[in-house]
Amino acid sequence: MGYINKNRKVVIPYQFDWAGDFSGKLAPVTVGEKSGYINQEGNIVIRKEFLRARNFCQGLAAVKINSLWGYIDQTGRIISKPQFNEADDFSEGKRQN
């Protein structure tokens with residue numbers, strides 16, 4: 001997968017096994033069995049070290065490390081250590097169930 005602009009021009013070449021939506025300036029991507037985040041230029045800005053990665057919402061994103069989910073901020077710093085069997089987006093500052 002890669003990214004095209006509204007004129008259907010490829011702006012980030014096809015290089016990912018999976019690519020999520022941009023939320024702000026970052027998007028989750030997967031190559032092989034590892035996920036990380038790219039910026040709008042297609043550069044990896046948060047290393048591909050997670051089993052799964054979800055979109056950022058209110059400045060946090062759910063990531064799966066080993067078999068549990070936790071949350072990171074937009075710098076890749078772990079904000080909530082992996083402790084959840086499932087994880088979802090935040091809404092009004094709270095984790096949704």
# chains A, B, ... in the order shown; residues from 1 in each chain; ligands from 1
>>> residues_around(residues="Gln74 of chain A", least_positions_apart="2", cutoff="9 Å", atoms="only C-alpha atoms", output="MDAnalysis selection string")
chainID A and resid 26 46 56 59:61 72 76:77
>>> select_by_dssp(residues="chain A", states="strand (DSSP E)", output="ChimeraX atom specification")
/A:3-4,10-12,18-19,27-31,34-38,44-50,52-53,61-65,68-72,78-84,90-91,94-95
>>> atom_distance(atom1="atom CA of Val11 of chain A", atom2="atom CA of Asp88 of chain A")
29.0 Å
>>> atom_distance(atom1="atom CA of Val63 of chain A", atom2="atom CA of Phe22 of chain A")
15.7 Å
>>> residues_around(residues="Ala19 of chain A", least_positions_apart="4", cutoff="8 Å", atoms="only C-alpha atoms", output="MDAnalysis selection string")
chainID A and resid 1:2 27:30
>>> write_last_selection(atoms="all heavy atoms", output="CSV table (one decimal), in the first residue's frame")
chain,number,residue,atom,x,y,z
A,1,MET,N,0.8,-1.2,0.0
A,1,MET,CA,0.0,0.0,0.0
A,1,MET,C,0.9,1.2,0.0
A,1,MET,O,2.0,1.2,0.4
A,1,MET,CB,-0.9,0.0,1.2
A,1,MET,CG,-1.9,-1.2,1.3
A,1,MET,SD,-3.0,-1.1,2.7
A,1,MET,CE,-4.3,-0.2,2.1
A,2,GLY,N,0.3,2.3,-0.4
A,2,GLY,CA,0.9,3.6,-0.4
A,2,GLY,C,-0.1,4.7,-0.3
A,2,GLY,O,-1.3,4.4,0.0
A,27,ALA,N,0.5,8.6,10.3
A,27,ALA,CA,-0.3,7.5,9.9
A,27,ALA,C,0.4,6.2,10.3
A,27,ALA,O,1.6,6.0,10.2
A,27,ALA,CB,-0.6,7.5,8.4
A,28,PRO,N,-0.4,5.2,10.8
A,28,PRO,CA,0.1,3.9,11.2
A,28,PRO,C,0.4,3.1,9.9
A,28,PRO,O,-0.4,3.2,8.9
A,28,PRO,CB,-0.9,3.3,12.0
A,28,PRO,CG,-2.2,3.9,11.6
A,28,PRO,CD,-1.9,5.3,11.1
A,29,VAL,N,1.5,2.3,9.9
A,29,VAL,CA,1.8,1.5,8.7
A,29,VAL,C,2.4,0.2,9.3
A,29,VAL,O,2.9,0.1,10.3
A,29,VAL,CB,2.8,2.1,7.8
A,29,VAL,CG1,2.2,3.4,7.1
A,29,VAL,CG2,4.1,2.4,8.4
A,30,THR,N,2.2,-0.9,8.4
A,30,THR,CA,2.8,-2.2,8.8
A,30,THR,C,3.6,-2.7,7.6
A,30,THR,O,3.2,-2.6,6.5
A,30,THR,CB,1.6,-3.2,9.1
A,30,THR,OG1,0.8,-2.7,10.2
A,30,THR,CG2,2.2,-4.6,9.4
>>> residues_around(residues="Ala87 of chain A", least_positions_apart="4", cutoff="12 Å", atoms="only C-alpha atoms", output="ChimeraX atom specification")
/A:52-55,60-65,67-72,80-83,94-97
>>> atom_distance(atom1="atom CA of Glu33 of chain A", atom2="atom CA of Leu51 of chain A")
6.3 Å
>>> closest_residue(among="A:Asn7, A:Gly24, A:Trp18, A:Ile12", to="Gly36 of chain A", atoms="only C-alpha atoms")
A:Trp18
>>> decode(residues="segment 35-52 of chain A", atoms="N, CA, C and O atoms", output="PDB file, in the first residue's frame")
ATOM      1  N   SER A  35       4.589  -2.833  13.069  1.00  0.00           N
ATOM      2  CA  SER A  35       3.898  -1.582  12.754  1.00  0.00           C
ATOM      3  C   SER A  35       4.597  -0.409  13.413  1.00  0.00           C
ATOM      4  O   SER A  35       5.179  -0.533  14.488  1.00  0.00           O
ATOM      5  N   GLY A  36       4.508   0.737  12.751  1.00  0.00           N
ATOM      6  CA  GLY A  36       5.043   1.993  13.264  1.00  0.00           C
ATOM      7  C   GLY A  36       4.256   3.133  12.648  1.00  0.00           C
ATOM      8  O   GLY A  36       3.129   2.934  12.174  1.00  0.00           O
ATOM      9  N   TYR A  37       4.846   4.313  12.588  1.00  0.00           N
ATOM     10  CA  TYR A  37       4.140   5.498  12.081  1.00  0.00           C
ATOM     11  C   TYR A  37       5.021   6.272  11.120  1.00  0.00           C
ATOM     12  O   TYR A  37       6.234   6.402  11.340  1.00  0.00           O
ATOM     13  N   ILE A  38       4.392   6.808  10.063  1.00  0.00           N
ATOM     14  CA  ILE A  38       5.086   7.652   9.101  1.00  0.00           C
ATOM     15  C   ILE A  38       4.538   9.073   9.174  1.00  0.00           C
ATOM     16  O   ILE A  38       3.425   9.294   9.651  1.00  0.00           O
ATOM     17  N   ASN A  39       5.349  10.015   8.660  1.00  0.00           N
ATOM     18  CA  ASN A  39       4.869  11.387   8.516  1.00  0.00           C
ATOM     19  C   ASN A  39       4.331  11.574   7.095  1.00  0.00           C
ATOM     20  O   ASN A  39       4.330  10.627   6.293  1.00  0.00           O
ATOM     21  N   GLN A  40       3.917  12.775   6.761  1.00  0.00           N
ATOM     22  CA  GLN A  40       3.293  13.033   5.467  1.00  0.00           C
ATOM     23  C   GLN A  40       4.280  12.972   4.305  1.00  0.00           C
ATOM     24  O   GLN A  40       3.865  12.941   3.152  1.00  0.00           O
ATOM     25  N   GLU A  41       5.562  12.898   4.596  1.00  0.00           N
ATOM     26  CA  GLU A  41       6.570  12.717   3.552  1.00  0.00           C
ATOM     27  C   GLU A  41       6.880  11.234   3.335  1.00  0.00           C
ATOM     28  O   GLU A  41       7.659  10.883   2.454  1.00  0.00           O
ATOM     29  N   GLY A  42       6.310  10.369   4.162  1.00  0.00           N
ATOM     30  CA  GLY A  42       6.536   8.936   4.032  1.00  0.00           C
ATOM     31  C   GLY A  42       7.697   8.410   4.853  1.00  0.00           C
ATOM     32  O   GLY A  42       8.060   7.244   4.739  1.00  0.00           O
ATOM     33  N   ASN A  43       8.277   9.254   5.683  1.00  0.00           N
ATOM     34  CA  ASN A  43       9.395   8.842   6.528  1.00  0.00           C
ATOM     35  C   ASN A  43       8.885   8.199   7.812  1.00  0.00           C
ATOM     36  O   ASN A  43       7.934   8.696   8.419  1.00  0.00           O
ATOM     37  N   ILE A  44       9.541   7.123   8.220  1.00  0.00           N
ATOM     38  CA  ILE A  44       9.209   6.488   9.495  1.00  0.00           C
ATOM     39  C   ILE A  44       9.633   7.446  10.613  1.00  0.00           C
ATOM     40  O   ILE A  44      10.797   7.838  10.687  1.00  0.00           O
ATOM     41  N   VAL A  45       8.689   7.833  11.450  1.00  0.00           N
ATOM     42  CA  VAL A  45       9.001   8.740  12.561  1.00  0.00           C
ATOM     43  C   VAL A  45       8.828   8.068  13.928  1.00  0.00           C
ATOM     44  O   VAL A  45       9.366   8.544  14.918  1.00  0.00           O
ATOM     45  N   ILE A  46       8.069   6.994  13.969  1.00  0.00           N
ATOM     46  CA  ILE A  46       7.992   6.142  15.160  1.00  0.00           C
ATOM     47  C   ILE A  46       8.286   4.737  14.666  1.00  0.00           C
ATOM     48  O   ILE A  46       7.553   4.188  13.834  1.00  0.00           O
ATOM     49  N   ARG A  47       9.400   4.192  15.127  1.00  0.00           N
ATOM     50  CA  ARG A  47       9.914   2.913  14.621  1.00  0.00           C
ATOM     51  C   ARG A  47       8.861   1.816  14.541  1.00  0.00           C
ATOM     52  O   ARG A  47       7.944   1.762  15.368  1.00  0.00           O
ATOM     53  N   LYS A  48       9.064   0.936  13.581  1.00  0.00           N
ATOM     54  CA  LYS A  48       8.184  -0.230  13.435  1.00  0.00           C
ATOM     55  C   LYS A  48       8.600  -1.266  14.476  1.00  0.00           C
ATOM     56  O   LYS A  48       9.439  -2.107  14.226  1.00  0.00           O
ATOM     57  N   GLU A  49       7.970  -1.176  15.654  1.00  0.00           N
ATOM     58  CA  GLU A  49       8.305  -2.085  16.746  1.00  0.00           C
ATOM     59  C   GLU A  49       7.075  -2.682  17.414  1.00  0.00           C
ATOM     60  O   GLU A  49       7.195  -3.389  18.403  1.00  0.00           O
ATOM     61  N   PHE A  50       5.891  -2.395  16.869  1.00  0.00           N
ATOM     62  CA  PHE A  50       4.649  -2.854  17.471  1.00  0.00           C
ATOM     63  C   PHE A  50       4.031  -3.970  16.639  1.00  0.00           C
ATOM     64  O   PHE A  50       4.220  -4.033  15.432  1.00  0.00           O
ATOM     65  N   LEU A  51       3.264  -4.843  17.300  1.00  0.00           N
ATOM     66  CA  LEU A  51       2.544  -5.883  16.557  1.00  0.00           C
ATOM     67  C   LEU A  51       1.377  -5.294  15.781  1.00  0.00           C
ATOM     68  O   LEU A  51       1.035  -5.772  14.708  1.00  0.00           O
ATOM     69  N   ARG A  52       0.764  -4.254  16.336  1.00  0.00           N
ATOM     70  CA  ARG A  52      -0.332  -3.529  15.680  1.00  0.00           C
ATOM     71  C   ARG A  52      -0.251  -2.084  16.126  1.00  0.00           C
ATOM     72  O   ARG A  52       0.249  -1.793  17.207  1.00  0.00           O
TER      73      ARG A  52
END
